file work-v7.txt (compact mmCIF, N, CA and C atoms)
# COMPACT_ATOMS: atom_id res chain seq x y z
N MET A 193 10.23 -28.58 -7.85
CA MET A 193 11.16 -27.87 -8.69
C MET A 193 11.06 -28.43 -10.10
N ASN A 194 11.22 -27.60 -11.04
CA ASN A 194 11.15 -27.99 -12.44
C ASN A 194 12.30 -28.93 -12.80
N VAL A 195 12.01 -29.97 -13.58
CA VAL A 195 13.03 -30.95 -13.95
C VAL A 195 14.13 -30.31 -14.77
N LYS A 196 13.78 -29.39 -15.64
CA LYS A 196 14.78 -28.72 -16.49
C LYS A 196 15.76 -27.89 -15.64
N ILE A 197 15.22 -27.20 -14.65
CA ILE A 197 16.07 -26.39 -13.77
C ILE A 197 16.98 -27.29 -12.94
N THR A 198 16.43 -28.37 -12.41
CA THR A 198 17.22 -29.31 -11.62
C THR A 198 18.34 -29.91 -12.45
N ASN A 199 18.04 -30.28 -13.68
CA ASN A 199 19.04 -30.84 -14.58
C ASN A 199 20.17 -29.84 -14.84
N THR A 200 19.81 -28.58 -15.03
CA THR A 200 20.82 -27.53 -15.26
C THR A 200 21.70 -27.35 -14.03
N LEU A 201 21.11 -27.36 -12.84
CA LEU A 201 21.88 -27.18 -11.61
C LEU A 201 22.86 -28.34 -11.40
N VAL A 202 22.42 -29.55 -11.67
CA VAL A 202 23.30 -30.71 -11.50
C VAL A 202 24.43 -30.67 -12.52
N ARG A 203 24.14 -30.29 -13.74
CA ARG A 203 25.19 -30.18 -14.77
C ARG A 203 26.23 -29.13 -14.37
N TYR A 204 25.78 -28.01 -13.82
CA TYR A 204 26.71 -26.97 -13.37
C TYR A 204 27.62 -27.52 -12.29
N LYS A 205 27.04 -28.18 -11.30
CA LYS A 205 27.85 -28.72 -10.21
C LYS A 205 28.86 -29.73 -10.72
N LEU A 206 28.44 -30.59 -11.64
CA LEU A 206 29.34 -31.61 -12.15
C LEU A 206 30.45 -31.01 -13.00
N SER A 207 30.15 -29.97 -13.76
CA SER A 207 31.18 -29.41 -14.64
C SER A 207 32.23 -28.61 -13.86
N TYR A 208 31.85 -27.98 -12.76
CA TYR A 208 32.81 -27.17 -12.01
C TYR A 208 33.33 -27.86 -10.75
N TYR A 209 32.98 -29.11 -10.52
CA TYR A 209 33.47 -29.83 -9.34
C TYR A 209 34.97 -30.03 -9.46
N ASN A 210 35.72 -29.62 -8.45
CA ASN A 210 37.19 -29.73 -8.38
C ASN A 210 37.92 -28.91 -9.44
N TYR A 211 37.25 -28.01 -10.11
CA TYR A 211 37.87 -27.21 -11.17
C TYR A 211 38.91 -26.26 -10.62
N ALA A 212 38.66 -25.70 -9.44
CA ALA A 212 39.58 -24.71 -8.86
C ALA A 212 40.90 -25.34 -8.44
N SER A 213 40.96 -26.67 -8.31
CA SER A 213 42.20 -27.32 -7.89
C SER A 213 43.28 -27.29 -8.99
N MET A 214 42.89 -26.96 -10.22
CA MET A 214 43.86 -26.90 -11.32
C MET A 214 44.63 -25.58 -11.34
N PHE A 215 44.17 -24.59 -10.60
CA PHE A 215 44.74 -23.25 -10.64
C PHE A 215 45.32 -22.88 -9.28
N PRO A 216 46.21 -21.87 -9.24
CA PRO A 216 46.66 -21.35 -7.94
C PRO A 216 45.46 -20.76 -7.19
N PRO A 217 45.53 -20.68 -5.87
CA PRO A 217 44.39 -20.17 -5.08
C PRO A 217 43.92 -18.79 -5.54
N GLY A 218 42.62 -18.67 -5.78
CA GLY A 218 42.03 -17.39 -6.17
C GLY A 218 42.14 -17.05 -7.63
N GLN A 219 42.70 -17.92 -8.47
CA GLN A 219 42.89 -17.59 -9.88
C GLN A 219 42.14 -18.51 -10.83
N ALA A 220 41.17 -19.27 -10.33
CA ALA A 220 40.39 -20.15 -11.19
C ALA A 220 39.49 -19.30 -12.08
N THR A 221 39.59 -19.48 -13.39
CA THR A 221 38.85 -18.68 -14.35
C THR A 221 38.22 -19.57 -15.40
N ASP A 222 36.96 -19.30 -15.70
CA ASP A 222 36.29 -19.94 -16.82
C ASP A 222 36.64 -19.11 -18.04
N ARG A 223 37.48 -19.63 -18.90
CA ARG A 223 37.98 -18.85 -20.03
C ARG A 223 36.91 -18.61 -21.09
N VAL A 224 35.97 -19.52 -21.25
CA VAL A 224 34.92 -19.35 -22.26
C VAL A 224 34.00 -18.21 -21.87
N ARG A 225 33.58 -18.17 -20.61
CA ARG A 225 32.67 -17.13 -20.15
C ARG A 225 33.40 -15.88 -19.66
N GLY A 226 34.70 -15.99 -19.44
CA GLY A 226 35.47 -14.85 -18.96
C GLY A 226 35.11 -14.47 -17.54
N VAL A 227 34.86 -15.45 -16.70
CA VAL A 227 34.41 -15.20 -15.33
C VAL A 227 35.37 -15.86 -14.36
N ARG A 228 35.72 -15.15 -13.30
CA ARG A 228 36.54 -15.73 -12.24
C ARG A 228 35.64 -16.54 -11.33
N LEU A 229 36.07 -17.74 -10.99
CA LEU A 229 35.27 -18.64 -10.17
C LEU A 229 35.65 -18.52 -8.70
N PRO A 230 34.73 -18.83 -7.81
CA PRO A 230 35.04 -18.77 -6.37
C PRO A 230 36.08 -19.82 -5.99
N GLU A 231 36.81 -19.55 -4.91
CA GLU A 231 37.85 -20.49 -4.47
C GLU A 231 37.27 -21.83 -4.07
N GLN A 232 36.12 -21.81 -3.43
CA GLN A 232 35.47 -23.05 -3.00
C GLN A 232 34.39 -23.39 -4.02
N GLY A 233 34.57 -24.46 -4.75
CA GLY A 233 33.61 -24.87 -5.76
C GLY A 233 32.44 -25.61 -5.15
N PRO A 234 31.55 -26.10 -6.00
CA PRO A 234 30.38 -26.83 -5.50
C PRO A 234 30.77 -28.15 -4.85
N THR A 235 29.95 -28.59 -3.91
CA THR A 235 30.19 -29.87 -3.26
C THR A 235 29.11 -30.85 -3.70
N LEU A 236 29.47 -32.09 -3.80
CA LEU A 236 28.53 -33.12 -4.22
C LEU A 236 28.12 -33.94 -3.00
N THR A 237 26.82 -34.14 -2.83
CA THR A 237 26.34 -34.92 -1.70
C THR A 237 25.88 -36.31 -2.13
N HIS A 238 25.30 -36.44 -3.30
CA HIS A 238 24.75 -37.73 -3.73
C HIS A 238 25.61 -38.45 -4.75
N LEU A 239 26.56 -37.75 -5.36
CA LEU A 239 27.42 -38.33 -6.40
C LEU A 239 28.87 -38.22 -5.99
N GLU A 240 29.71 -39.07 -6.57
CA GLU A 240 31.15 -38.94 -6.38
C GLU A 240 31.85 -39.16 -7.71
N GLU A 241 33.00 -38.55 -7.84
CA GLU A 241 33.75 -38.63 -9.09
C GLU A 241 34.36 -40.02 -9.23
N ALA A 242 34.07 -40.69 -10.34
CA ALA A 242 34.60 -42.03 -10.58
C ALA A 242 35.80 -41.97 -11.52
N TYR A 243 35.76 -41.10 -12.52
CA TYR A 243 36.84 -41.02 -13.50
C TYR A 243 36.85 -39.64 -14.13
N THR A 244 38.03 -39.08 -14.31
CA THR A 244 38.22 -37.84 -15.06
C THR A 244 39.43 -38.03 -15.96
N SER A 245 39.26 -37.72 -17.25
CA SER A 245 40.37 -37.89 -18.19
C SER A 245 41.45 -36.83 -17.91
N GLU A 246 42.58 -37.00 -18.52
CA GLU A 246 43.72 -36.11 -18.26
C GLU A 246 43.39 -34.66 -18.60
N ASN A 247 42.65 -34.44 -19.66
CA ASN A 247 42.30 -33.08 -20.09
C ASN A 247 40.91 -32.65 -19.63
N TRP A 248 40.30 -33.41 -18.76
CA TRP A 248 38.99 -33.13 -18.18
C TRP A 248 37.89 -33.09 -19.24
N ILE A 249 38.06 -33.77 -20.35
CA ILE A 249 37.03 -33.81 -21.38
C ILE A 249 35.98 -34.84 -21.01
N ILE A 250 36.42 -35.97 -20.46
CA ILE A 250 35.49 -37.01 -20.05
C ILE A 250 35.48 -37.07 -18.53
N ARG A 251 34.30 -36.92 -17.96
CA ARG A 251 34.14 -37.00 -16.50
C ARG A 251 32.98 -37.93 -16.21
N ILE A 252 33.23 -38.94 -15.40
CA ILE A 252 32.21 -39.92 -15.05
C ILE A 252 31.99 -39.88 -13.54
N TYR A 253 30.72 -39.88 -13.15
CA TYR A 253 30.35 -39.83 -11.75
C TYR A 253 29.51 -41.05 -11.43
N LYS A 254 29.52 -41.46 -10.17
CA LYS A 254 28.66 -42.55 -9.73
C LYS A 254 27.91 -42.13 -8.48
N VAL A 255 26.78 -42.76 -8.27
CA VAL A 255 25.98 -42.48 -7.08
C VAL A 255 26.69 -43.08 -5.87
N LYS A 256 26.78 -42.31 -4.79
CA LYS A 256 27.46 -42.79 -3.59
C LYS A 256 26.73 -43.97 -2.99
N ASP A 257 27.50 -44.84 -2.34
CA ASP A 257 26.92 -45.97 -1.63
C ASP A 257 26.17 -45.47 -0.41
N LEU A 258 25.27 -46.29 0.09
CA LEU A 258 24.54 -45.94 1.30
C LEU A 258 25.48 -45.87 2.49
N ASP A 259 25.15 -45.03 3.43
CA ASP A 259 25.96 -44.85 4.62
C ASP A 259 25.78 -46.05 5.56
N ASN A 260 26.86 -46.48 6.20
CA ASN A 260 26.78 -47.62 7.12
C ASN A 260 25.92 -47.33 8.34
N LEU A 261 25.78 -46.08 8.70
CA LEU A 261 25.03 -45.72 9.90
C LEU A 261 23.57 -45.42 9.61
N GLY A 262 23.15 -45.57 8.37
CA GLY A 262 21.76 -45.34 8.03
C GLY A 262 21.40 -43.89 7.77
N ARG A 263 22.39 -43.01 7.65
CA ARG A 263 22.11 -41.59 7.38
C ARG A 263 21.88 -41.40 5.89
N ASP A 264 21.12 -40.36 5.54
CA ASP A 264 20.99 -40.04 4.13
C ASP A 264 22.26 -39.34 3.66
N HIS A 265 22.39 -39.16 2.34
CA HIS A 265 23.63 -38.62 1.77
C HIS A 265 23.92 -37.20 2.28
N ALA A 266 22.91 -36.38 2.41
CA ALA A 266 23.11 -35.00 2.86
C ALA A 266 23.61 -34.95 4.30
N ALA A 267 23.06 -35.78 5.17
CA ALA A 267 23.49 -35.80 6.58
C ALA A 267 24.92 -36.32 6.71
N ALA A 268 25.28 -37.33 5.92
CA ALA A 268 26.63 -37.87 5.96
C ALA A 268 27.64 -36.85 5.45
N ALA A 269 27.30 -36.12 4.38
CA ALA A 269 28.20 -35.10 3.84
C ALA A 269 28.36 -33.96 4.83
N SER A 270 27.28 -33.59 5.50
CA SER A 270 27.34 -32.53 6.50
C SER A 270 28.25 -32.94 7.66
N PHE A 271 28.16 -34.20 8.08
CA PHE A 271 29.01 -34.69 9.16
C PHE A 271 30.47 -34.70 8.73
N ASP A 272 30.75 -35.09 7.48
CA ASP A 272 32.12 -35.10 6.98
C ASP A 272 32.72 -33.70 6.95
N LYS A 273 31.88 -32.68 6.74
CA LYS A 273 32.37 -31.29 6.75
C LYS A 273 32.67 -30.81 8.16
N GLY A 274 32.13 -31.50 9.16
CA GLY A 274 32.37 -31.10 10.54
C GLY A 274 31.17 -30.44 11.19
N ASN A 275 30.05 -30.43 10.51
CA ASN A 275 28.85 -29.84 11.11
C ASN A 275 28.24 -30.82 12.09
N LYS A 276 27.83 -30.31 13.22
CA LYS A 276 27.20 -31.16 14.22
C LYS A 276 25.70 -31.17 14.00
N LYS A 277 25.08 -32.27 14.39
CA LYS A 277 23.64 -32.37 14.28
C LYS A 277 23.01 -31.53 15.38
N LYS A 278 22.04 -30.73 15.01
CA LYS A 278 21.38 -29.87 15.98
C LYS A 278 20.50 -30.71 16.89
N LYS A 279 20.58 -30.41 18.17
CA LYS A 279 19.75 -31.13 19.13
C LYS A 279 18.34 -30.55 19.10
N ALA A 280 17.38 -31.42 19.21
CA ALA A 280 15.99 -30.98 19.25
C ALA A 280 15.72 -30.32 20.60
N ALA A 281 15.05 -29.21 20.55
CA ALA A 281 14.72 -28.50 21.78
C ALA A 281 13.66 -29.29 22.54
N LYS A 282 13.83 -29.35 23.85
CA LYS A 282 12.85 -30.05 24.67
C LYS A 282 11.57 -29.22 24.74
N LYS A 283 10.48 -29.89 24.48
CA LYS A 283 9.20 -29.20 24.53
C LYS A 283 8.64 -29.34 25.94
N ARG A 284 8.45 -28.21 26.54
CA ARG A 284 7.90 -28.19 27.88
C ARG A 284 6.47 -27.67 27.81
N GLY A 285 5.72 -28.05 28.76
CA GLY A 285 4.34 -27.57 28.83
C GLY A 285 4.31 -26.10 29.24
N PRO A 286 3.14 -25.56 29.38
CA PRO A 286 3.03 -24.15 29.79
C PRO A 286 3.55 -23.97 31.22
N ARG A 287 4.15 -22.83 31.47
CA ARG A 287 4.67 -22.55 32.80
C ARG A 287 3.54 -22.28 33.77
N VAL A 288 3.67 -22.90 34.90
CA VAL A 288 2.64 -22.77 35.93
C VAL A 288 3.27 -22.14 37.16
N LEU A 289 2.64 -21.10 37.67
CA LEU A 289 3.12 -20.42 38.86
C LEU A 289 2.56 -21.15 40.07
N ARG A 290 3.48 -21.65 40.91
CA ARG A 290 3.02 -22.37 42.10
C ARG A 290 2.73 -21.38 43.22
N VAL A 291 1.58 -21.51 43.74
CA VAL A 291 1.17 -20.65 44.86
C VAL A 291 0.91 -21.57 46.06
N GLU A 292 1.60 -21.29 47.16
CA GLU A 292 1.42 -22.15 48.34
C GLU A 292 0.70 -21.42 49.44

call {"tool": "encode", "arguments": {"input": "work-v7.txt", "output": "C-alpha cells"}}
result
Amino acid sequence: MNVKITNTLVRYKLSYYNYASMFPPGQATDRVRGVRLPEQGPTLTHLEEAYTSENWIIRIYKVKDLDNLGRDHAAAASFDKGNKKKKAAKKRGPRVLRVE
C-alpha cells in the first residue's frame, strides 16, 4: 500500500476516533464538511488515546503495549470485541470406499 494513502487513512481514524460520543446518538456531524457521521466511529487496534484537550484541539496517541498472551494487536482487539477465533478445519485425506 502506498505510504501516502496509509498516512491519510491513519489521520482520518485518529481525527474521528470517539467523535460521535460528543453528540446525541445519530446526530454526529462534521460541520466543516457538512456530512453526518456514522454512529459507530473507527476503531483503533495499534494505538490508544493518551490525551485529548478539552476542546479536542490537541490529541495525543500512544502505541499499545504488547499483549500478555503473545497475540498481535489486531487479534487482541478482535477478542475484546467478542469475536471468537475461527477453528482451523481438519484436513482429511481423500475418501476411500471400503470394499469387503

call {"tool": "residues_around", "arguments": {"input": "work-v7.txt", "residues": "A:Ile252", "least_positions_apart": "4", "cutoff": "7 Å", "atoms": "only C-alpha atoms", "output": "ChimeraX atom specification"}}
result
/A:241-244

call {"tool": "select_by_dssp", "arguments": {"input": "work-v7.txt", "residues": "chain A", "states": "helix (DSSP H, G or I)", "output": "list in words"}}
result
Val195, Lys196, Ile197, Thr198, Asn199, Thr200, Leu201, Val202, Arg203, Tyr204, Lys205, Leu206, Ser207, Tyr208, Tyr211, Ala212, Ser213, Met214, His265, Ala266, Ala267, Ala268, Ala269, Ser270, Phe271, Asp272 and Lys273 of chain A

call {"tool": "select_by_dssp", "arguments": {"input": "work-v7.txt", "residues": "chain A", "states": "strand (DSSP E or B)", "output": "PDB file with N, CA and C atoms, in the frame of the given file"}}
result
ATOM      1  N   THR A 221      39.590 -19.480 -13.390  1.00  0.00           N
ATOM      2  CA  THR A 221      38.850 -18.680 -14.350  1.00  0.00           C
ATOM      3  C   THR A 221      38.220 -19.570 -15.400  1.00  0.00           C
ATOM      4  N   ASP A 222      36.960 -19.300 -15.700  1.00  0.00           N
ATOM      5  CA  ASP A 222      36.290 -19.940 -16.820  1.00  0.00           C
ATOM      6  C   ASP A 222      36.640 -19.110 -18.040  1.00  0.00           C
ATOM      7  N   VAL A 227      34.860 -15.450 -16.700  1.00  0.00           N
ATOM      8  CA  VAL A 227      34.410 -15.200 -15.330  1.00  0.00           C
ATOM      9  C   VAL A 227      35.370 -15.860 -14.360  1.00  0.00           C
ATOM     10  N   ARG A 228      35.720 -15.150 -13.300  1.00  0.00           N
ATOM     11  CA  ARG A 228      36.540 -15.730 -12.240  1.00  0.00           C
ATOM     12  C   ARG A 228      35.640 -16.540 -11.330  1.00  0.00           C
ATOM     13  N   LEU A 239      26.560 -37.750  -5.360  1.00  0.00           N
ATOM     14  CA  LEU A 239      27.420 -38.330  -6.400  1.00  0.00           C
ATOM     15  C   LEU A 239      28.870 -38.220  -5.990  1.00  0.00           C
ATOM     16  N   GLU A 240      29.710 -39.070  -6.570  1.00  0.00           N
ATOM     17  CA  GLU A 240      31.150 -38.940  -6.380  1.00  0.00           C
ATOM     18  C   GLU A 240      31.850 -39.160  -7.710  1.00  0.00           C
ATOM     19  N   GLU A 241      33.000 -38.550  -7.840  1.00  0.00           N
ATOM     20  CA  GLU A 241      33.750 -38.630  -9.090  1.00  0.00           C
ATOM     21  C   GLU A 241      34.360 -40.020  -9.230  1.00  0.00           C
ATOM     22  N   ALA A 242      34.070 -40.690 -10.340  1.00  0.00           N
ATOM     23  CA  ALA A 242      34.600 -42.030 -10.580  1.00  0.00           C
ATOM     24  C   ALA A 242      35.800 -41.970 -11.520  1.00  0.00           C
ATOM     25  N   TYR A 243      35.760 -41.100 -12.520  1.00  0.00           N
ATOM     26  CA  TYR A 243      36.840 -41.020 -13.500  1.00  0.00           C
ATOM     27  C   TYR A 243      36.850 -39.640 -14.130  1.00  0.00           C
ATOM     28  N   THR A 244      38.030 -39.080 -14.310  1.00  0.00           N
ATOM     29  CA  THR A 244      38.220 -37.840 -15.060  1.00  0.00           C
ATOM     30  C   THR A 244      39.430 -38.030 -15.960  1.00  0.00           C
ATOM     31  N   ARG A 251      34.300 -36.920 -17.960  1.00  0.00           N
ATOM     32  CA  ARG A 251      34.140 -37.000 -16.500  1.00  0.00           C
ATOM     33  C   ARG A 251      32.980 -37.930 -16.210  1.00  0.00           C
ATOM     34  N   ILE A 252      33.230 -38.940 -15.400  1.00  0.00           N
ATOM     35  CA  ILE A 252      32.210 -39.920 -15.050  1.00  0.00           C
ATOM     36  C   ILE A 252      31.990 -39.880 -13.540  1.00  0.00           C
ATOM     37  N   TYR A 253      30.720 -39.880 -13.150  1.00  0.00           N
ATOM     38  CA  TYR A 253      30.350 -39.830 -11.750  1.00  0.00           C
ATOM     39  C   TYR A 253      29.510 -41.050 -11.430  1.00  0.00           C
ATOM     40  N   LYS A 254      29.520 -41.460 -10.170  1.00  0.00           N
ATOM     41  CA  LYS A 254      28.660 -42.550  -9.730  1.00  0.00           C
ATOM     42  C   LYS A 254      27.910 -42.130  -8.480  1.00  0.00           C
ATOM     43  N   VAL A 255      26.780 -42.760  -8.270  1.00  0.00           N
ATOM     44  CA  VAL A 255      25.980 -42.480  -7.080  1.00  0.00           C
ATOM     45  C   VAL A 255      26.690 -43.080  -5.870  1.00  0.00           C
TER      46      VAL A 255
END

call {"tool": "closest_atom_pairs", "arguments": {"input": "work-v7.txt", "of": "stretch 235-262 of chain A", "to": "stretch 194-213 of chain A", "cutoff": "8 Å", "atoms": "all atoms listed in the file", "output": "JSON lines"}}
result
{"residue": "A:Thr235", "atom": "N", "partner": "A:Tyr209", "partner_atom": "CA", "distance": 6.6}
{"residue": "A:Leu236", "atom": "N", "partner": "A:Tyr209", "partner_atom": "CA", "distance": 7.2}
{"residue": "A:Arg251", "atom": "CA", "partner": "A:Leu206", "partner_atom": "C", "distance": 7.9}

call {"tool": "closest_residue", "arguments": {"input": "work-v7.txt", "among": "A:Lys283, A:Pro217, A:Val291, A:Ile249", "to": "A:Pro230", "atoms": "all atoms listed in the file"}}
result
A:Pro217

call {"tool": "atom_distance", "arguments": {"input": "work-v7.txt", "atom1": "atom C of A:Lys282", "atom2": "atom N of A:His265"}}
result
26.8 Å

call {"tool": "atom_distance", "arguments": {"input": "work-v7.txt", "atom1": "atom CA of A:Asp259", "atom2": "atom CA of A:Ser245"}}
result
27.9 Å

call {"tool": "atom_distance", "arguments": {"input": "work-v7.txt", "atom1": "atom C of A:Lys254", "atom2": "atom C of A:Glu231"}}
result
22.8 Å

call {"tool": "closest_residue", "arguments": {"input": "work-v7.txt", "among": "A:Ala266, A:Val255, A:Leu239, A:Leu229", "to": "A:Pro216", "atoms": "only C-alpha atoms"}}
result
A:Leu229

call {"tool": "closest_residue", "arguments": {"input": "work-v7.txt", "among": "A:Pro286, A:Gly262, A:Gly218, A:Gly274", "to": "A:Gln232", "atoms": "only C-alpha atoms"}}
result
A:Gly218

call {"tool": "decode", "arguments": {"input": "work-v7.txt", "residues": "stretch 259-288 of chain A", "atoms": "C-alpha atoms", "output": "PDB file, in the first residue's frame"}}
result
ATOM      1  CA  ASP A 259      -0.415  -8.360  24.790  1.00  0.00           C
ATOM      2  CA  ASN A 260       0.390 -10.601  27.774  1.00  0.00           C
ATOM      3  CA  LEU A 261      -0.758 -13.672  25.866  1.00  0.00           C
ATOM      4  CA  GLY A 262       1.501 -13.072  22.885  1.00  0.00           C
ATOM      5  CA  ARG A 263      -1.280 -12.062  20.475  1.00  0.00           C
ATOM      6  CA  ASP A 264      -0.787  -9.322  17.928  1.00  0.00           C
ATOM      7  CA  HIS A 265      -2.751  -6.076  18.328  1.00  0.00           C
ATOM      8  CA  ALA A 266      -5.421  -6.994  15.769  1.00  0.00           C
ATOM      9  CA  ALA A 267      -6.160 -10.380  17.387  1.00  0.00           C
ATOM     10  CA  ALA A 268      -6.361  -8.842  20.868  1.00  0.00           C
ATOM     11  CA  ALA A 269      -8.734  -6.098  19.649  1.00  0.00           C
ATOM     12  CA  SER A 270     -10.886  -8.685  17.902  1.00  0.00           C
ATOM     13  CA  PHE A 271     -11.091 -10.725  21.110  1.00  0.00           C
ATOM     14  CA  ASP A 272     -12.044  -7.605  23.112  1.00  0.00           C
ATOM     15  CA  LYS A 273     -14.929  -7.017  20.677  1.00  0.00           C
ATOM     16  CA  GLY A 274     -16.190 -10.534  21.376  1.00  0.00           C
ATOM     17  CA  ASN A 275     -15.140 -12.228  18.159  1.00  0.00           C
ATOM     18  CA  LYS A 276     -14.081 -15.815  18.562  1.00  0.00           C
ATOM     19  CA  LYS A 277     -11.036 -17.242  16.869  1.00  0.00           C
ATOM     20  CA  LYS A 278     -12.008 -19.436  13.960  1.00  0.00           C
ATOM     21  CA  LYS A 279     -11.017 -23.051  14.341  1.00  0.00           C
ATOM     22  CA  ALA A 280      -8.868 -24.498  11.608  1.00  0.00           C
ATOM     23  CA  ALA A 281     -10.668 -27.121   9.586  1.00  0.00           C
ATOM     24  CA  LYS A 282      -9.237 -30.602   9.936  1.00  0.00           C
ATOM     25  CA  LYS A 283      -7.603 -31.711   6.754  1.00  0.00           C
ATOM     26  CA  ARG A 284      -8.538 -35.222   5.881  1.00  0.00           C
ATOM     27  CA  GLY A 285      -7.109 -37.329   3.161  1.00  0.00           C
ATOM     28  CA  PRO A 286      -9.114 -38.438   0.137  1.00  0.00           C
ATOM     29  CA  ARG A 287     -12.180 -40.523   0.880  1.00  0.00           C
ATOM     30  CA  VAL A 288     -11.699 -44.182   0.273  1.00  0.00           C
TER      31      VAL A 288
END
